[in-house]
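Raw target-v6.csv, CSV, N, CA and C atoms:
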chain,number,residue,atom,x,y,z
A,16,MET,N,0.8,-1.2,0.0
A,16,MET,CA,0.0,0.0,0.0
A,16,MET,C,0.9,1.3,0.0
A,17,ASP,N,2.0,1.2,0.7
A,17,ASP,CA,2.9,2.4,0.7
A,17,ASP,C,3.4,2.8,-0.7
A,18,VAL,N,3.7,1.8,-1.5
A,18,VAL,CA,4.1,2.1,-2.9
A,18,VAL,C,3.0,2.8,-3.6
A,19,LEU,N,1.8,2.3,-3.5
A,19,LEU,CA,0.6,2.9,-4.2
A,19,LEU,C,0.4,4.4,-3.7
A,20,ILE,N,0.5,4.6,-2.4
A,20,ILE,CA,0.3,5.9,-1.9
A,20,ILE,C,1.4,6.9,-2.4
A,21,ASN,N,2.7,6.4,-2.4
A,21,ASN,CA,3.8,7.2,-2.9
A,21,ASN,C,3.6,7.5,-4.4
A,22,ILE,N,3.1,6.6,-5.2
A,22,ILE,CA,2.9,6.9,-6.6
A,22,ILE,C,1.8,8.0,-6.7
A,23,PHE,N,0.8,8.0,-5.9
A,23,PHE,CA,-0.3,9.0,-6.0
A,23,PHE,C,0.2,10.3,-5.4
A,24,VAL,N,1.0,10.3,-4.5
A,24,VAL,CA,1.6,11.5,-4.0
A,24,VAL,C,2.4,12.2,-5.1
A,25,GLY,N,3.2,11.4,-5.8
A,25,GLY,CA,3.9,11.9,-6.9
A,25,GLY,C,3.0,12.5,-8.0
A,26,LEU,N,1.9,11.8,-8.3
A,26,LEU,CA,1.0,12.4,-9.3
A,26,LEU,C,0.3,13.6,-8.8
A,27,HIS,N,0.1,13.7,-7.5
A,27,HIS,CA,-0.5,14.9,-6.9
A,27,HIS,C,0.5,16.1,-7.0
A,28,VAL,N,1.7,15.8,-6.8
A,28,VAL,CA,2.7,16.9,-7.0
A,28,VAL,C,2.8,17.3,-8.4
A,29,ILE,N,2.7,16.4,-9.4
A,29,ILE,CA,2.7,16.8,-10.8
A,29,ILE,C,1.5,17.7,-11.1
A,30,GLY,N,0.4,17.4,-10.5
A,30,GLY,CA,-0.8,18.2,-10.7
A,30,GLY,C,-0.6,19.6,-10.2
A,31,ILE,N,0.0,19.7,-9.0
A,31,ILE,CA,0.4,21.0,-8.4
A,31,ILE,C,1.3,21.8,-9.3
A,32,ALA,N,2.3,21.1,-9.8
A,32,ALA,CA,3.3,21.7,-10.7
A,32,ALA,C,2.7,22.2,-12.0
A,33,ALA,N,1.7,21.5,-12.5
A,33,ALA,CA,1.1,21.9,-13.7
A,33,ALA,C,0.3,23.2,-13.5
A,34,LEU,N,-0.5,23.2,-12.4
A,34,LEU,CA,-1.3,24.4,-12.0
A,34,LEU,C,-0.4,25.6,-11.7
A,35,LEU,N,0.5,25.4,-10.8
A,35,LEU,CA,1.4,26.6,-10.4
A,35,LEU,C,2.3,27.0,-11.6
A,36,GLY,N,2.8,26.0,-12.3
A,36,GLY,CA,3.6,26.3,-13.5
A,36,GLY,C,2.9,27.2,-14.5
A,37,GLY,N,1.6,26.8,-14.8
A,37,GLY,CA,0.8,27.6,-15.7
A,37,GLY,C,0.6,29.0,-15.2
A,38,PHE,N,0.4,29.2,-13.9
A,38,PHE,CA,0.3,30.5,-13.4
A,38,PHE,C,1.6,31.3,-13.5
A,39,LEU,N,2.7,30.7,-13.2
A,39,LEU,CA,4.0,31.4,-13.2
A,39,LEU,C,4.3,31.7,-14.7
A,40,PHE,N,4.0,30.9,-15.6
A,40,PHE,CA,4.2,31.1,-17.0
A,40,PHE,C,3.4,32.3,-17.5
A,41,GLN,N,2.3,32.6,-17.0
A,41,GLN,CA,1.4,33.7,-17.4
A,41,GLN,C,1.7,35.0,-16.7
A,42,MET,N,2.6,35.0,-15.8
A,42,MET,CA,2.9,36.2,-15.0
A,42,MET,C,3.3,37.4,-15.9
A,43,LYS,N,4.1,37.2,-16.9
A,43,LYS,CA,4.5,38.3,-17.7
A,43,LYS,C,3.3,38.8,-18.5
A,44,ALA,N,2.5,37.8,-19.0
A,44,ALA,CA,1.3,38.2,-19.8
A,44,ALA,C,0.3,39.0,-18.9
A,45,MET,N,0.3,38.7,-17.6
A,45,MET,CA,-0.6,39.4,-16.7
A,45,MET,C,-0.3,40.9,-16.7
A,46,GLY,N,1.0,41.3,-16.8
A,46,GLY,CA,1.4,42.7,-16.8
A,46,GLY,C,1.0,43.3,-18.1
A,47,GLU,N,0.9,42.5,-19.2
A,47,GLU,CA,0.6,43.1,-20.5
A,47,GLU,C,-0.9,43.0,-20.8
A,48,GLY,N,-1.7,42.4,-19.9
A,48,GLY,CA,-3.1,42.3,-20.0
A,48,GLY,C,-3.6,41.2,-21.0
A,49,THR,N,-2.7,40.2,-21.3
A,49,THR,CA,-3.0,39.2,-22.3
A,49,THR,C,-3.0,37.8,-21.7
A,50,ALA,N,-3.0,37.7,-20.4
A,50,ALA,CA,-2.9,36.4,-19.7
A,50,ALA,C,-4.2,35.6,-20.0
A,51,ARG,N,-4.0,34.3,-20.0
A,51,ARG,CA,-5.1,33.4,-20.1
A,51,ARG,C,-4.9,32.1,-19.3
A,52,MET,N,-6.0,31.4,-19.1
A,52,MET,CA,-5.9,30.1,-18.4
A,52,MET,C,-5.4,29.1,-19.4
A,53,LEU,N,-4.3,28.4,-19.1
A,53,LEU,CA,-3.8,27.4,-20.0
A,53,LEU,C,-4.5,26.1,-19.8
A,54,PRO,N,-4.6,25.2,-20.8
A,54,PRO,CA,-5.2,23.9,-20.6
A,54,PRO,C,-4.5,23.1,-19.5
A,55,GLY,N,-3.2,23.2,-19.4
A,55,GLY,CA,-2.5,22.5,-18.4
A,55,GLY,C,-2.9,22.8,-16.9
A,56,MET,N,-3.4,24.1,-16.8
A,56,MET,CA,-3.8,24.5,-15.4
A,56,MET,C,-5.1,23.7,-15.0
A,57,LEU,N,-6.0,23.6,-16.0
A,57,LEU,CA,-7.2,22.8,-15.7
A,57,LEU,C,-6.9,21.3,-15.5
A,58,HIS,N,-6.0,20.8,-16.3
A,58,HIS,CA,-5.6,19.4,-16.1
A,58,HIS,C,-4.9,19.2,-14.8
A,59,GLY,N,-4.1,20.1,-14.4
A,59,GLY,CA,-3.4,20.0,-13.1
A,59,GLY,C,-4.3,20.1,-11.9
A,60,ALA,N,-5.3,21.0,-12.0
A,60,ALA,CA,-6.3,21.1,-10.9
A,60,ALA,C,-7.1,19.8,-10.8
A,61,LEU,N,-7.5,19.2,-12.0
A,61,LEU,CA,-8.3,18.0,-12.0
A,61,LEU,C,-7.4,16.8,-11.4
A,62,THR,N,-6.2,16.8,-11.8
A,62,THR,CA,-5.3,15.8,-11.3
A,62,THR,C,-5.1,15.9,-9.8
A,63,MET,N,-5.0,17.1,-9.3
A,63,MET,CA,-5.0,17.3,-7.8
A,63,MET,C,-6.2,16.8,-7.2
A,64,LEU,N,-7.4,17.1,-7.7
A,64,LEU,CA,-8.6,16.6,-7.1
A,64,LEU,C,-8.7,15.1,-7.1
A,65,VAL,N,-8.5,14.5,-8.2
A,65,VAL,CA,-8.6,13.0,-8.3
A,65,VAL,C,-7.6,12.3,-7.4
A,66,THR,N,-6.4,12.7,-7.5
A,66,THR,CA,-5.3,12.1,-6.6
A,66,THR,C,-5.5,12.4,-5.2
A,67,GLY,N,-5.9,13.6,-4.8
A,67,GLY,CA,-6.2,14.0,-3.4
A,67,GLY,C,-7.3,13.1,-2.8
A,68,VAL,N,-8.4,12.9,-3.5
A,68,VAL,CA,-9.5,12.1,-3.0
A,68,VAL,C,-9.0,10.7,-2.9
A,69,LEU,N,-8.2,10.2,-3.8
A,69,LEU,CA,-7.7,8.8,-3.7
A,69,LEU,C,-6.7,8.7,-2.6
A,70,LEU,N,-5.9,9.7,-2.4
A,70,LEU,CA,-5.0,9.6,-1.3
A,70,LEU,C,-5.7,9.5,0.1
A,71,VAL,N,-6.7,10.3,0.2
A,71,VAL,CA,-7.5,10.2,1.5
A,71,VAL,C,-8.1,8.8,1.7
A,72,GLY,N,-8.6,8.3,0.6
A,72,GLY,CA,-9.2,6.9,0.7
A,72,GLY,C,-8.1,5.9,1.0
A,73,PHE,N,-7.0,6.0,0.3
A,73,PHE,CA,-5.9,5.0,0.6
A,73,PHE,C,-5.4,5.1,2.0
A,74,ARG,N,-5.3,6.3,2.5
A,74,ARG,CA,-4.8,6.5,3.9
A,74,ARG,C,-5.8,5.9,4.9
A,75,GLU,N,-7.1,6.0,4.6
A,75,GLU,CA,-8.1,5.5,5.6
A,75,GLU,C,-8.1,3.9,5.4
A,76,MET,N,-8.0,3.4,4.2
A,76,MET,CA,-7.9,2.0,4.0
A,76,MET,C,-6.7,1.4,4.7
A,77,ASP,N,-5.7,2.1,4.7
A,77,ASP,CA,-4.4,1.6,5.3
A,77,ASP,C,-4.5,1.7,6.9
A,78,GLY,N,-5.5,2.2,7.4
A,78,GLY,CA,-5.7,2.3,8.8
A,78,GLY,C,-5.1,3.6,9.4
A,79,GLY,N,-4.7,4.5,8.6
A,79,GLY,CA,-4.2,5.8,9.1
A,79,GLY,C,-5.3,6.8,9.4
A,80,SER,N,-4.9,7.8,10.1
A,80,SER,CA,-5.9,8.8,10.4
A,80,SER,C,-5.7,10.0,9.5
A,81,VAL,N,-6.8,10.7,9.2
A,81,VAL,CA,-6.8,11.9,8.3
A,81,VAL,C,-7.3,13.1,9.1
A,82,ASN,N,-6.7,14.2,8.9
A,82,ASN,CA,-7.3,15.4,9.5
A,82,ASN,C,-8.4,15.9,8.6
A,83,ASN,N,-9.6,15.6,9.0
A,83,ASN,CA,-10.7,16.0,8.1
A,83,ASN,C,-10.9,17.4,7.9
A,84,LEU,N,-10.6,18.3,8.9
A,84,LEU,CA,-10.8,19.7,8.7
A,84,LEU,C,-9.8,20.2,7.7
A,85,LYS,N,-8.5,19.8,7.8
A,85,LYS,CA,-7.5,20.2,6.8
A,85,LYS,C,-7.9,19.7,5.4
A,86,ILE,N,-8.4,18.5,5.3
A,86,ILE,CA,-8.8,18.0,3.9
A,86,ILE,C,-10.0,18.8,3.4
A,87,ALA,N,-10.9,19.2,4.3
A,87,ALA,CA,-12.1,20.0,3.8
A,87,ALA,C,-11.6,21.4,3.4
A,88,VAL,N,-10.7,22.0,4.1
A,88,VAL,CA,-10.2,23.3,3.7
A,88,VAL,C,-9.5,23.2,2.4
A,89,LYS,N,-8.6,22.3,2.2
A,89,LYS,CA,-7.9,22.1,0.9
A,89,LYS,C,-8.9,21.8,-0.2
A,90,LEU,N,-9.9,21.0,0.0
A,90,LEU,CA,-10.9,20.7,-1.0
A,90,LEU,C,-11.7,21.9,-1.4
A,91,ALA,N,-12.1,22.7,-0.4
A,91,ALA,CA,-12.8,23.9,-0.7
A,91,ALA,C,-12.0,24.9,-1.6
A,92,ILE,N,-10.7,25.0,-1.2
A,92,ILE,CA,-9.8,25.9,-2.0
A,92,ILE,C,-9.7,25.4,-3.4
A,93,LEU,N,-9.5,24.1,-3.5
A,93,LEU,CA,-9.4,23.5,-4.9
A,93,LEU,C,-10.6,23.6,-5.7
A,94,VAL,N,-11.8,23.5,-5.1
A,94,VAL,CA,-13.0,23.7,-5.8
A,94,VAL,C,-13.1,25.1,-6.4
A,95,VAL,N,-12.7,26.1,-5.6
A,95,VAL,CA,-12.7,27.5,-6.1
A,95,VAL,C,-11.7,27.6,-7.2
A,96,ILE,N,-10.6,27.0,-7.1
A,96,ILE,CA,-9.6,27.1,-8.2
A,96,ILE,C,-10.1,26.5,-9.4
A,97,LEU,N,-10.7,25.3,-9.3
A,97,LEU,CA,-11.3,24.6,-10.4
A,97,LEU,C,-12.4,25.4,-11.1
A,98,GLY,N,-13.2,26.0,-10.3
A,98,GLY,CA,-14.3,26.8,-10.8
A,98,GLY,C,-13.8,28.0,-11.6
A,99,LEU,N,-12.8,28.7,-11.1
A,99,LEU,CA,-12.2,29.8,-11.8
A,99,LEU,C,-11.5,29.4,-13.1
A,100,VAL,N,-10.7,28.3,-13.0
A,100,VAL,CA,-10.0,27.9,-14.2
A,100,VAL,C,-11.0,27.4,-15.3
A,101,TYR,N,-12.0,26.6,-14.8
A,101,TYR,CA,-13.0,26.0,-15.8
A,101,TYR,C,-13.8,27.1,-16.5
A,102,VAL,N,-14.3,28.1,-15.7
A,102,VAL,CA,-15.1,29.1,-16.3
A,102,VAL,C,-14.3,30.0,-17.2
A,103,LYS,N,-13.1,30.3,-16.9
A,103,LYS,CA,-12.3,31.3,-17.7
A,103,LYS,C,-11.4,30.6,-18.7
A,104,ARG,N,-11.5,29.3,-18.9
A,104,ARG,CA,-10.6,28.6,-19.8
A,104,ARG,C,-10.7,28.9,-21.3
A,105,ASP,N,-11.8,29.4,-21.7
A,105,ASP,CA,-12.0,29.7,-23.2
A,105,ASP,C,-11.8,31.2,-23.5
A,106,GLU,N,-11.6,32.0,-22.5
A,106,GLU,CA,-11.5,33.5,-22.8
A,106,GLU,C,-10.1,33.8,-23.3
A,107,GLU,N,-10.1,34.7,-24.2
A,107,GLU,CA,-8.8,35.2,-24.8
A,107,GLU,C,-7.9,35.8,-23.8
A,108,ALA,N,-8.4,36.7,-23.0
A,108,ALA,CA,-7.7,37.3,-21.9
A,108,ALA,C,-8.4,37.3,-20.6
A,109,VAL,N,-7.7,37.0,-19.6
A,109,VAL,CA,-8.3,36.8,-18.3
A,109,VAL,C,-7.7,38.0,-17.4
A,110,SER,N,-8.6,38.5,-16.5
A,110,SER,CA,-8.2,39.6,-15.6
A,110,SER,C,-7.0,39.1,-14.8
A,111,SER,N,-6.1,40.0,-14.5
A,111,SER,CA,-4.9,39.7,-13.7
A,111,SER,C,-5.4,39.4,-12.3
A,112,LYS,N,-6.5,39.9,-11.9
A,112,LYS,CA,-7.0,39.6,-10.5
A,112,LYS,C,-7.5,38.1,-10.4
A,113,VAL,N,-8.1,37.7,-11.5
A,113,VAL,CA,-8.6,36.3,-11.5
A,113,VAL,C,-7.4,35.3,-11.5
A,114,LEU,N,-6.4,35.6,-12.4
A,114,LEU,CA,-5.3,34.7,-12.5
A,114,LEU,C,-4.4,34.8,-11.2
A,115,GLY,N,-4.3,36.0,-10.6
A,115,GLY,CA,-3.6,36.2,-9.4
A,115,GLY,C,-4.3,35.4,-8.3
A,116,ALA,N,-5.6,35.4,-8.3
A,116,ALA,CA,-6.4,34.6,-7.3
A,116,ALA,C,-6.1,33.1,-7.4
A,117,VAL,N,-6.0,32.6,-8.6
A,117,VAL,CA,-5.7,31.2,-8.9
A,117,VAL,C,-4.3,30.9,-8.3
A,118,GLY,N,-3.3,31.8,-8.6
A,118,GLY,CA,-2.0,31.5,-8.1
A,118,GLY,C,-1.9,31.6,-6.6
A,119,ALA,N,-2.6,32.6,-6.0
A,119,ALA,CA,-2.5,32.7,-4.5
A,119,ALA,C,-3.2,31.6,-3.9
A,120,LEU,N,-4.3,31.1,-4.4
A,120,LEU,CA,-5.0,30.0,-3.8
A,120,LEU,C,-4.2,28.7,-3.9
A,121,THR,N,-3.6,28.6,-5.1
A,121,THR,CA,-2.7,27.4,-5.3
A,121,THR,C,-1.6,27.4,-4.2
A,122,MET,N,-0.9,28.5,-4.0
A,122,MET,CA,0.1,28.6,-3.1
A,122,MET,C,-0.4,28.4,-1.6
A,123,ALA,N,-1.6,28.9,-1.4
A,123,ALA,CA,-2.2,28.7,-0.1
A,123,ALA,C,-2.5,27.2,0.2
A,124,ASN,N,-2.9,26.5,-0.9
A,124,ASN,CA,-3.2,25.1,-0.7
A,124,ASN,C,-1.9,24.3,-0.5
A,125,ILE,N,-0.8,24.8,-1.1
A,125,ILE,CA,0.5,24.1,-0.9
A,125,ILE,C,1.0,24.4,0.6
A,126,PHE,N,0.9,25.6,1.1
A,126,PHE,CA,1.3,25.9,2.4
A,126,PHE,C,0.4,25.2,3.5
A,127,ILE,N,-0.8,25.1,3.2
A,127,ILE,CA,-1.7,24.4,4.1
A,127,ILE,C,-1.3,22.9,4.2
A,128,ALA,N,-1.0,22.3,3.1
A,128,ALA,CA,-0.5,20.9,3.0
A,128,ALA,C,0.8,20.7,3.8
A,129,VAL,N,1.7,21.7,3.7
A,129,VAL,CA,3.0,21.5,4.3
A,129,VAL,C,3.0,21.9,5.8
A,130,LEU,N,2.4,23.0,6.1
A,130,LEU,CA,2.5,23.6,7.4
A,130,LEU,C,1.4,23.1,8.4
A,131,TRP,N,0.3,22.7,8.0
A,131,TRP,CA,-0.8,22.3,8.9
A,131,TRP,C,-0.6,20.9,9.3
A,132,VAL,N,-0.2,20.7,10.5
A,132,VAL,CA,0.1,19.3,11.0
A,132,VAL,C,-1.0,18.7,11.7
Show this structure as structure tokens.
Amino acid sequence: MDVLINIFVGLHVIGIAALLGGFLFQMKAMGEGTARMLPGMLHGALTMLVTGVLLVGFREMDGGSVNNLKIAVKLAILVVILGLVYVKRDEEAVSSKVLGAVGALTMANIFIAVLWV
């Protein structure tokens, strides 16, 4: 079970990298007013959602405990991120405030995962 959990943690990190990488790639375009949501950002957020839910299930199947409040906060943040990215995915230019919110929420989700014990 540990190998399976580690594989899905790796996939979860890849999803985070896709989402945060897409945001960082668009930072220059934010200043020019031509930023957009990249397809990789949506795929990264969906990867985070699927692997995160599976990781919680694997942890509980393995007999471990899960901090349900932490998971609920992370899930709520991810749902907001997914909503923003999904709704704005087809627009030619996205407001820098919306893209900044996606980046800030992604970083908040990372810090919650790392710092909330």
Selected residue of minimal separation from Leu64 in chain A among A:Lys112, A:Lys43, A:Arg104, A:His27, counting only N, CA and C atoms: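 Closest to Leu64 in chain A of all the choices is A:His27.
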Could you give me the residues within chain A that DSSP places in alpha helix (DSSP H), as a ChimeraX atom specification? /A:17-40,42-47,54-76,83-103,111-130
In Å, with one decimal, what is the gap from CA of Leu53 in chain A to atom C of Ile20 in chain A?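 Spanning CA of Leu53 in chain A to atom C of Ile20 in chain A is a straight-line distance of 27.5 Å.
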Write out as a list in words each polymer residue whose atoms come within 8 Å of Met16 in chain A, counting all atoms listed in the file; drop sequence neighbours fewer than 5 positions from it. Asn21, Ile22, Phe73 and Asp77 of chain A
For the residues selected in the previous step, produce a file with N, CA and C atoms as a tab-separated table (two decimals), keeping the file's coordinate frame.
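Just written: again-v1.tsv:
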chain	number	residue	atom	x	y	z
A	21	ASN	N	2.70	6.40	-2.40
A	21	ASN	CA	3.80	7.20	-2.90
A	21	ASN	C	3.60	7.50	-4.40
A	22	ILE	N	3.10	6.60	-5.20
A	22	ILE	CA	2.90	6.90	-6.60
A	22	ILE	C	1.80	8.00	-6.70
A	73	PHE	N	-7.00	6.00	0.30
A	73	PHE	CA	-5.90	5.00	0.60
A	73	PHE	C	-5.40	5.10	2.00
A	77	ASP	N	-5.70	2.10	4.70
A	77	ASP	CA	-4.40	1.60	5.30
A	77	ASP	C	-4.50	1.70	6.90
Would you mind listing what lies within 8 Å of Leu57 in chain A as a list in words, with only N, CA and C atoms counted and same-chain residues fewer than 3 positions away left out?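 Close residues of Leu57 in chain A: Ala33, Leu34, Gly37, Met52, Leu53, Pro54, Ala60, Leu61, Thr62, Met63, Ile96, Leu97, Val100, Tyr101 and Arg104 of chain A.
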Applying 10 Å and only C-alpha atoms, which residues near Asn82 in chain A remain after dropping the ones on its own chain fewer than 4 positions away? List them as an mmCIF file with N, CA and C atoms, in the coordinates of the input.
data_model
loop_
_atom_site.group_PDB
_atom_site.id
_atom_site.type_symbol
_atom_site.label_atom_id
_atom_site.label_comp_id
_atom_site.auth_asym_id
_atom_site.auth_seq_id
_atom_site.Cartn_x
_atom_site.Cartn_y
_atom_site.Cartn_z
ATOM 1 N N VAL A 71 -6.700 10.300 0.200
ATOM 2 C CA VAL A 71 -7.500 10.200 1.500
ATOM 3 C C VAL A 71 -8.100 8.800 1.700
ATOM 4 N N ILE A 86 -8.400 18.500 5.300
ATOM 5 C CA ILE A 86 -8.800 18.000 3.900
ATOM 6 C C ILE A 86 -10.000 18.800 3.400
ATOM 7 N N ALA A 87 -10.900 19.200 4.300
ATOM 8 C CA ALA A 87 -12.100 20.000 3.800
ATOM 9 C C ALA A 87 -11.600 21.400 3.400
ATOM 10 N N TRP A 131 0.300 22.700 8.000
ATOM 11 C CA TRP A 131 -0.800 22.300 8.900
ATOM 12 C C TRP A 131 -0.600 20.900 9.300
ATOM 13 N N VAL A 132 -0.200 20.700 10.500
ATOM 14 C CA VAL A 132 0.100 19.300 11.000
ATOM 15 C C VAL A 132 -1.000 18.700 11.700
#
Could you check how far CA of Ser110 in chain A sits from CA of Gln41 in chain A, in Å to one decimal?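 It comes out at 11.4 Å.
Proximity of A:Met45, A:Leu130, A:Val81, A:Val88 to Ser111 in chain A, computed with only C-alpha atoms, is greatest for A:Met45.
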If we count only N, CA and C atoms and set the cut-off at 7 Å, which residues sit around Leu35 in chain A, ignoring sequence neighbours fewer than 4 positions away in its own chain? Please answer as JSON, numbers by chain. {"A": [30, 31, 39, 40, 56, 118, 121]}
Would you mind reading off the distance between atom N of Gly36 in chain A and CA of Val68 in chain A, one decimal, in Å? 20.8 Å
Using only C-alpha atoms, which of A:Leu19, A:Val102, A:Leu93, A:Leu69 sits nearest Ala119 in chain A?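 Once distances to Ala119 in chain A are computed over only C-alpha atoms, the minimum belongs to A:Leu93.
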Your completed range 36-56 of chain A with N, CA, C and O atoms, as a PDB file, in the coordinates of the input:
ATOM      1  N   GLY A  36       2.800  26.000 -12.300  1.00  0.00           N
ATOM      2  CA  GLY A  36       3.600  26.300 -13.500  1.00  0.00           C
ATOM      3  C   GLY A  36       2.900  27.200 -14.500  1.00  0.00           C
ATOM      4  O   GLY A  36       3.458  28.087 -15.117  1.00  0.00           O
ATOM      5  N   GLY A  37       1.600  26.800 -14.800  1.00  0.00           N
ATOM      6  CA  GLY A  37       0.800  27.600 -15.700  1.00  0.00           C
ATOM      7  C   GLY A  37       0.600  29.000 -15.200  1.00  0.00           C
ATOM      8  O   GLY A  37       0.718  29.956 -16.030  1.00  0.00           O
ATOM      9  N   PHE A  38       0.400  29.200 -13.900  1.00  0.00           N
ATOM     10  CA  PHE A  38       0.300  30.500 -13.400  1.00  0.00           C
ATOM     11  C   PHE A  38       1.600  31.300 -13.500  1.00  0.00           C
ATOM     12  O   PHE A  38       1.578  32.446 -13.995  1.00  0.00           O
ATOM     13  N   LEU A  39       2.700  30.700 -13.200  1.00  0.00           N
ATOM     14  CA  LEU A  39       4.000  31.400 -13.200  1.00  0.00           C
ATOM     15  C   LEU A  39       4.300  31.700 -14.700  1.00  0.00           C
ATOM     16  O   LEU A  39       4.913  32.782 -14.953  1.00  0.00           O
ATOM     17  N   PHE A  40       4.000  30.900 -15.600  1.00  0.00           N
ATOM     18  CA  PHE A  40       4.200  31.100 -17.000  1.00  0.00           C
ATOM     19  C   PHE A  40       3.400  32.300 -17.500  1.00  0.00           C
ATOM     20  O   PHE A  40       3.910  33.038 -18.422  1.00  0.00           O
ATOM     21  N   GLN A  41       2.300  32.600 -17.000  1.00  0.00           N
ATOM     22  CA  GLN A  41       1.400  33.700 -17.400  1.00  0.00           C
ATOM     23  C   GLN A  41       1.700  35.000 -16.700  1.00  0.00           C
ATOM     24  O   GLN A  41       1.045  35.981 -16.985  1.00  0.00           O
ATOM     25  N   MET A  42       2.600  35.000 -15.800  1.00  0.00           N
ATOM     26  CA  MET A  42       2.900  36.200 -15.000  1.00  0.00           C
ATOM     27  C   MET A  42       3.300  37.400 -15.900  1.00  0.00           C
ATOM     28  O   MET A  42       2.850  38.540 -15.643  1.00  0.00           O
ATOM     29  N   LYS A  43       4.100  37.200 -16.900  1.00  0.00           N
ATOM     30  CA  LYS A  43       4.500  38.300 -17.700  1.00  0.00           C
ATOM     31  C   LYS A  43       3.300  38.800 -18.500  1.00  0.00           C
ATOM     32  O   LYS A  43       3.155  39.976 -18.705  1.00  0.00           O
ATOM     33  N   ALA A  44       2.500  37.800 -19.000  1.00  0.00           N
ATOM     34  CA  ALA A  44       1.300  38.200 -19.800  1.00  0.00           C
ATOM     35  C   ALA A  44       0.300  39.000 -18.900  1.00  0.00           C
ATOM     36  O   ALA A  44      -0.459  39.767 -19.397  1.00  0.00           O
ATOM     37  N   MET A  45       0.300  38.700 -17.600  1.00  0.00           N
ATOM     38  CA  MET A  45      -0.600  39.400 -16.700  1.00  0.00           C
ATOM     39  C   MET A  45      -0.300  40.900 -16.700  1.00  0.00           C
ATOM     40  O   MET A  45      -1.185  41.755 -16.740  1.00  0.00           O
ATOM     41  N   GLY A  46       1.000  41.300 -16.800  1.00  0.00           N
ATOM     42  CA  GLY A  46       1.400  42.700 -16.800  1.00  0.00           C
ATOM     43  C   GLY A  46       1.000  43.300 -18.100  1.00  0.00           C
ATOM     44  O   GLY A  46       0.730  44.541 -18.189  1.00  0.00           O
ATOM     45  N   GLU A  47       0.900  42.500 -19.200  1.00  0.00           N
ATOM     46  CA  GLU A  47       0.600  43.100 -20.500  1.00  0.00           C
ATOM     47  C   GLU A  47      -0.900  43.000 -20.800  1.00  0.00           C
ATOM     48  O   GLU A  47      -1.416  43.545 -21.763  1.00  0.00           O
ATOM     49  N   GLY A  48      -1.700  42.400 -19.900  1.00  0.00           N
ATOM     50  CA  GLY A  48      -3.100  42.300 -20.000  1.00  0.00           C
ATOM     51  C   GLY A  48      -3.600  41.200 -21.000  1.00  0.00           C
ATOM     52  O   GLY A  48      -4.705  41.197 -21.461  1.00  0.00           O
ATOM     53  N   THR A  49      -2.700  40.200 -21.300  1.00  0.00           N
ATOM     54  CA  THR A  49      -3.000  39.200 -22.300  1.00  0.00           C
ATOM     55  C   THR A  49      -3.000  37.800 -21.700  1.00  0.00           C
ATOM     56  O   THR A  49      -2.883  36.808 -22.397  1.00  0.00           O
ATOM     57  N   ALA A  50      -3.000  37.700 -20.400  1.00  0.00           N
ATOM     58  CA  ALA A  50      -2.900  36.400 -19.700  1.00  0.00           C
ATOM     59  C   ALA A  50      -4.200  35.600 -20.000  1.00  0.00           C
ATOM     60  O   ALA A  50      -5.249  36.135 -20.172  1.00  0.00           O
ATOM     61  N   ARG A  51      -4.000  34.300 -20.000  1.00  0.00           N
ATOM     62  CA  ARG A  51      -5.100  33.400 -20.100  1.00  0.00           C
ATOM     63  C   ARG A  51      -4.900  32.100 -19.300  1.00  0.00           C
ATOM     64  O   ARG A  51      -3.795  31.859 -18.868  1.00  0.00           O
ATOM     65  N   MET A  52      -6.000  31.400 -19.100  1.00  0.00           N
ATOM     66  CA  MET A  52      -5.900  30.100 -18.400  1.00  0.00           C
ATOM     67  C   MET A  52      -5.400  29.100 -19.400  1.00  0.00           C
ATOM     68  O   MET A  52      -5.997  28.885 -20.494  1.00  0.00           O
ATOM     69  N   LEU A  53      -4.300  28.400 -19.100  1.00  0.00           N
ATOM     70  CA  LEU A  53      -3.800  27.400 -20.000  1.00  0.00           C
ATOM     71  C   LEU A  53      -4.500  26.100 -19.800  1.00  0.00           C
ATOM     72  O   LEU A  53      -4.895  25.774 -18.624  1.00  0.00           O
ATOM     73  N   PRO A  54      -4.600  25.200 -20.800  1.00  0.00           N
ATOM     74  CA  PRO A  54      -5.200  23.900 -20.600  1.00  0.00           C
ATOM     75  C   PRO A  54      -4.500  23.100 -19.500  1.00  0.00           C
ATOM     76  O   PRO A  54      -5.184  22.353 -18.761  1.00  0.00           O
ATOM     77  N   GLY A  55      -3.200  23.200 -19.400  1.00  0.00           N
ATOM     78  CA  GLY A  55      -2.500  22.500 -18.400  1.00  0.00           C
ATOM     79  C   GLY A  55      -2.900  22.800 -16.900  1.00  0.00           C
ATOM     80  O   GLY A  55      -2.805  22.024 -16.020  1.00  0.00           O
ATOM     81  N   MET A  56      -3.400  24.100 -16.800  1.00  0.00           N
ATOM     82  CA  MET A  56      -3.800  24.500 -15.400  1.00  0.00           C
ATOM     83  C   MET A  56      -5.100  23.700 -15.000  1.00  0.00           C
ATOM     84  O   MET A  56      -5.232  23.285 -13.906  1.00  0.00           O
TER      85      MET A  56
END
